[in-house]
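S.K.: Have a look at this one before I ask anything.
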Amino acid sequence: MQTSKIDLNELAHLTELFNLFNSGRYLNRSTDAALWHELEQQAEQYQHLFANLGFDLRIDGRGFAWFHDEDGNQNINKQSRQLALLLMVIFDHQADSGRSLGQFYQWTIDNALLDDVYEKHQELLDAEELDQDALTKILDNAVRKGFAAQENNHWCLLPSVYRYLDHFEAITEQASEIDVADYEEDESC
Amino acid sequence: MAAPKSLTFQLHQHWEVIEQLTRLSREFPAFELRVLEQVINQYKSKNAESNTVLTSLVNADILQPINRSSDYQLNTLVVDFVRGLTQEHELGLSAVLKARVDAIKDATSQVLEGLDVADNDLLRTGANRLSELVRKITQQLTQDKQAIFEIAELAKSADTSVPIERRYREVLEVYDQYVEPMNEMMDSGLGGSFYPLLEKAEEALDTAVDILSMRGSLYQQRLAMRQIAYQVKDLRYQGRVIAQQCSDTLLPLREEARQHNQLSAVISKQLSQVRKKGLARGLNAEGLPMWKSSRVTKIQLGNEVRELMAEFLDFEPSSMPFPDEEEATESPMINWVDEELLREQLADSLPVANLMTWLRGNYQHLPDAELLRLYHELVRDPQWQSSLGASSRITALNTVAVTYHPHEIKKLTSSTNAKDVDNANEQNRFK
């Protein structure tokens, strides 16, 4: 049991931060500079406080933080899957155009780009019942959850997208295992 | 030749094994018994014997023994079918596509000739050939597109350490041997054969529909022609889209413009899985970023509800005496007067010179509306005779005063003309 005391007076933005994290949002350095600064200053205090309340606050040095929750419900699972797919097709398109994937936070994602992406992967997206409107909706949802920011008539990806990139990179090694798992899943159907 | 039903049944039973064998058949033209057993053991359903599986696959003719060896190969029909379903196609030959496109010319001239000599059989044969060709070309184009996607995905997801010449070798080959000839064929200018031929076929079919309707042929026949014309139109559109998609996919690789690193390789591989299996199965969801659900789903009973429930537990019904009969309050709906009695009274006091004053005198407590209603009803009553007075009178009721020609009621002496009574009623005027 940790004995360090938490001084609530020092945590000036506690309510704001808690509401933000608890609604499932990601905090990004680039968009919420003030909150991020405070969180960085009092990182230990916050983590300790939230941990005692039953929340797992994770802070990533690349500039984002979130309440970690392993088992999301089915709806969140679906949203996350669709966002993953959208990010994949956008990244694939940008790679084809010769843009550096490491600098995704500098891209301007507008409707023209979404149209190109849709055209390129139309078959795949149609199979998932995602048309251009649906892609826009996924991006809007990403804005609500703190993965993207909307500016005028375009979107920008935020550092929290690293979460997905980490996930993509992590699955390379497991590739062969997936196949087997898939078949077992099928059998039970 | 195996029975189709047993073949498809075995496909259903051992789909996983066959899918894997089909995938392997790219690298191995024939399977040794050892390899087969390995695959079967890995993918068979849990409660099946590997030997039984093998025997049933051979019996259903899905696996065929190869002459002069102990190896097996997959039935070609099955390979094509499974590849079609799992989107794992081999790239076809552009020459085959070209030959089919050229054959459209023959079929078109057959349609035209059939029209010229009014030979319905020839016309039908030509049109059916066109339909078949269009179907085959569409199928091949779709398959080739999938195959080109696959090649591009393989190149994109290749290990970053593989040198670029080797990584893209297949892409370059495909581009030169397939996409270039296809683009040439699809060229809408003078060089291309795809559009002009299909356009001619379309025109021939449109003319056929016109001429057939002029000749008054069967609706079914015209409908068939029109459907084939639609297929041809659709193919023209599809062809352009597919050619565009193929070169869009391959060009960034050919030009070596694509960013290739660990990340883009993984993404390509994942996209390829999603294309073949769909998002739910294709994307590995384990460890996918999650976030807290924004809605709180926990519900707790508030103290108010607990209190309420505690009260329910101690509930004792309080006794309530049955209420006594109450005096009915006055309301306009109530019947004001015993009409039987009234009629008897009136009959007793006949003759009455003025019914209104009689009513007013005897039933003053009645509301005006009720009184007037009674007046009208009594005047019409057939048990006495009523006659209309010549001069008008004014009588003040409870709240209003009425001006009217009074009725005189007398005992019935002779048969009264009902009409007179009616007329008399109508002459009543109330103000």
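Identifiers in the structure tokens: chain A, B, ... in order shown; residue index from 1 per chain; ligand index from 1 in order shown.
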Output the contact residues of chain B with respect to chain A at a cut-off of 9 Å, based on only C-alpha atoms, as a PyMOL selection string.

M.R.: chain B and resi 16+42-43+45+245+248-249+251-253+256-264+266-271+274-276+278-296

S.K.: Could you pull out the helix (DSSP H, G or I) residues of stretch 90-269 of chain B, going by DSSP on the backbone, and write them as a PyMOL selection string?

M.R.: chain B and resi 94-116+120-156+164-167+169-186+194-215+219-254+262-269

S.K.: For B:Ala390, work out the shell of residues within 10 Å, counting only C-alpha atoms and skipping chain neighbours fewer than 4 positions away, then give it as a short mmCIF file (atom, residue, chain, number, x, y, z; two decimals) with C-alpha atoms, in the first residue's frame.

M.R.:
```
data_model
loop_
_atom_site.label_atom_id
_atom_site.label_comp_id
_atom_site.auth_asym_id
_atom_site.auth_seq_id
_atom_site.Cartn_x
_atom_site.Cartn_y
_atom_site.Cartn_z
CA HIS B 405 -98.30 31.09 -32.05
CA PRO B 406 -99.86 29.13 -29.21
CA HIS B 407 -101.23 25.65 -29.70
#
```
